[in-house]
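Enquirer: Here's a structure for you.
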Amino acid sequence: MRNYELVFIAHPDLDEKSFTDLCERIKGWINEFGGTIDREDHWGKRRMAYQINKQRDGHYMMYVMQMEPDKVPGLERNLRMLESVMRFMTIRTDED
């Protein structure tokens, strides 16, 4: 298993319950693909550097996780399907 950081920006109009449900859904996918979450960090609602879909703000969330490399594309495919996720980025943090 390799270490990854997943950061995503959710739509700013989500209320607290909807954002929590979204996070639980993403955590479920990580577990479903055989990954484990080491740390989660909610950065809150912040102003973005540029507009995405005519939005200036977004809810930022980061997961530090471990996952097999061949499972990451499946997770990213699921994230692309969510309308409430405006952007995401998965970064491998291992150093070989």
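Residue numbering restarts at 1 for every chain of the structure tokens, chains are lettered A, B, ... in their displayed order, and ligands are numbered from 1 as they appear.
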Might you pull out every residue within 12 Å of Gln51 (chain A), with only C-alpha atoms counted and same-chain residues fewer than 4 positions away left off, and present them as a list of chain:residue names?
Expert: A:His11, A:Pro12, A:Arg47, A:Gln55, A:Arg56, A:Asp57, A:Gly58, A:Met86, A:Arg87
Enquirer: Considering only strand (DSSP E or B) as DSSP defines it on the backbone, what residues of chain A qualify? List them as a ChimeraX atom specification.
Expert: /A:2-10,36-52,55-67,85-92
Enquirer: Could you check which of A:Ile91, A:Met81, A:Leu22, A:Val7 is closest to Trp43 (chain A), using only C-alpha atoms?
Expert: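 Comparing A:Ile91, A:Met81, A:Leu22, A:Val7 against Trp43 (chain A), the winner is A:Val7.
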Enquirer: Measure the distance from CA of Arg46 (chain A) to CA of Phe8 (chain A) in Å and round it to one decimal.
Expert: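 Computing the Euclidean distance for CA of Arg46 (chain A) and CA of Phe8 (chain A) yields 12.3 Å.
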Enquirer: What is the distance, in Å and to one decimal place, between CA of Glu24 (chain A) and CA of Asp94 (chain A)?
Expert: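 Interatomic distance, CA of Glu24 (chain A) to CA of Asp94 (chain A): 25.4 Å.
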Enquirer: With only C-alpha atoms as the atoms that count, which of A:Asp70, A:Glu16, A:Asp21, A:Glu5 lies nearest to Asp41 (chain A)?
Expert: A:Glu5
Enquirer: Excluding same-chain residues fewer than 6 positions from Arg25 (chain A), what lies within 12 Å of it counting only C-alpha atoms, as a list in words?
Expert: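 Listed by chain and then number, they are Ser18, Phe19, Asn31, Glu32, Leu75, Asn78, Leu79, Leu82, Ser84 and Val85 of chain A.
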Enquirer: Write a file of the selected residues as a PDB file, in the first residue's frame, keeping C-alpha atoms.
Expert:
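Just written: part-v7.pdb:
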```pdb
ATOM      1  CA  SER A  18     -24.866  17.584   3.189  1.00  0.00           C
ATOM      2  CA  PHE A  19     -21.123  18.185   3.473  1.00  0.00           C
ATOM      3  CA  ASN A  31     -12.705   1.781   2.485  1.00  0.00           C
ATOM      4  CA  GLU A  32     -14.543  -0.041  -0.309  1.00  0.00           C
ATOM      5  CA  LEU A  75     -11.796   6.271  -6.564  1.00  0.00           C
ATOM      6  CA  ASN A  78     -16.296   8.001  -8.540  1.00  0.00           C
ATOM      7  CA  LEU A  79     -15.237  11.517  -7.475  1.00  0.00           C
ATOM      8  CA  LEU A  82     -20.233  13.784  -7.886  1.00  0.00           C
ATOM      9  CA  SER A  84     -20.984  18.612  -5.466  1.00  0.00           C
ATOM     10  CA  VAL A  85     -17.207  18.037  -5.843  1.00  0.00           C
TER      11      VAL A  85
END
```
Enquirer: Kindly indicate which residue among A:Val72, A:Met67, A:Ile9, A:Met1 lies nearest to Met48 (chain A), using only C-alpha atoms for the distances.
Expert: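 Ranked by minimum distance to Met48 (chain A), first place goes to A:Ile9.
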Enquirer: Which residues come within 10 Å of Thr93 (chain A), counting only C-alpha atoms, excluding same-chain residues fewer than 5 positions away, as a list of chain:residue names?
Expert: A:Arg2, A:Asn3, A:Tyr4, A:Glu5, A:Val64, A:Met65, A:Gln66
Enquirer: Report the residues of chain A whose backbone DSSP state falls under alpha helix (DSSP H), written as a ChimeraX atom specification.
Expert: /A:16-32,72-81
Enquirer: Restricting the output to C-alpha atoms, write the selected residues as a PDB file, in the first residue's frame.
Expert:
```
ATOM      1  CA  GLU A  16     -23.276  21.086   7.205  1.00  0.00           C
ATOM      2  CA  LYS A  17     -25.302  17.866   6.962  1.00  0.00           C
ATOM      3  CA  SER A  18     -24.866  17.584   3.189  1.00  0.00           C
ATOM      4  CA  PHE A  19     -21.123  18.185   3.473  1.00  0.00           C
ATOM      5  CA  THR A  20     -20.862  15.551   6.232  1.00  0.00           C
ATOM      6  CA  ASP A  21     -22.831  13.073   4.090  1.00  0.00           C
ATOM      7  CA  LEU A  22     -20.509  13.787   1.151  1.00  0.00           C
ATOM      8  CA  CYS A  23     -17.435  13.165   3.315  1.00  0.00           C
ATOM      9  CA  GLU A  24     -18.914   9.922   4.645  1.00  0.00           C
ATOM     10  CA  ARG A  25     -19.642   8.783   1.094  1.00  0.00           C
ATOM     11  CA  ILE A  26     -16.061   9.455   0.004  1.00  0.00           C
ATOM     12  CA  LYS A  27     -14.674   7.720   3.105  1.00  0.00           C
ATOM     13  CA  GLY A  28     -16.896   4.751   2.283  1.00  0.00           C
ATOM     14  CA  TRP A  29     -15.436   4.578  -1.219  1.00  0.00           C
ATOM     15  CA  ILE A  30     -11.895   4.695   0.167  1.00  0.00           C
ATOM     16  CA  ASN A  31     -12.705   1.781   2.485  1.00  0.00           C
ATOM     17  CA  GLU A  32     -14.543  -0.041  -0.309  1.00  0.00           C
ATOM     18  CA  VAL A  72      -6.811   5.020  -7.088  1.00  0.00           C
ATOM     19  CA  PRO A  73      -8.277   5.420 -10.631  1.00  0.00           C
ATOM     20  CA  GLY A  74     -11.534   3.813  -9.451  1.00  0.00           C
ATOM     21  CA  LEU A  75     -11.796   6.271  -6.564  1.00  0.00           C
ATOM     22  CA  GLU A  76     -11.077   9.207  -8.890  1.00  0.00           C
ATOM     23  CA  ARG A  77     -13.709   7.964 -11.349  1.00  0.00           C
ATOM     24  CA  ASN A  78     -16.296   8.001  -8.540  1.00  0.00           C
ATOM     25  CA  LEU A  79     -15.237  11.517  -7.475  1.00  0.00           C
ATOM     26  CA  ARG A  80     -15.735  12.778 -11.046  1.00  0.00           C
ATOM     27  CA  MET A  81     -19.360  11.609 -10.901  1.00  0.00           C
TER      28      MET A  81
END
```
Enquirer: Could you state the separation of CA of Glu83 (chain A) and CA of Arg39 (chain A) in Å, given to one decimal place?
Expert: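 It comes out at 24.5 Å.
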Enquirer: From the set A:Lys71, A:Lys54, A:Arg92, A:Lys45, which residue has the shortest atom-to-atom contact distance to Leu14 (chain A), counting only C-alpha atoms?
Expert: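 When distances to Leu14 (chain A) are compared using only C-alpha atoms, the smallest one comes from A:Lys45.
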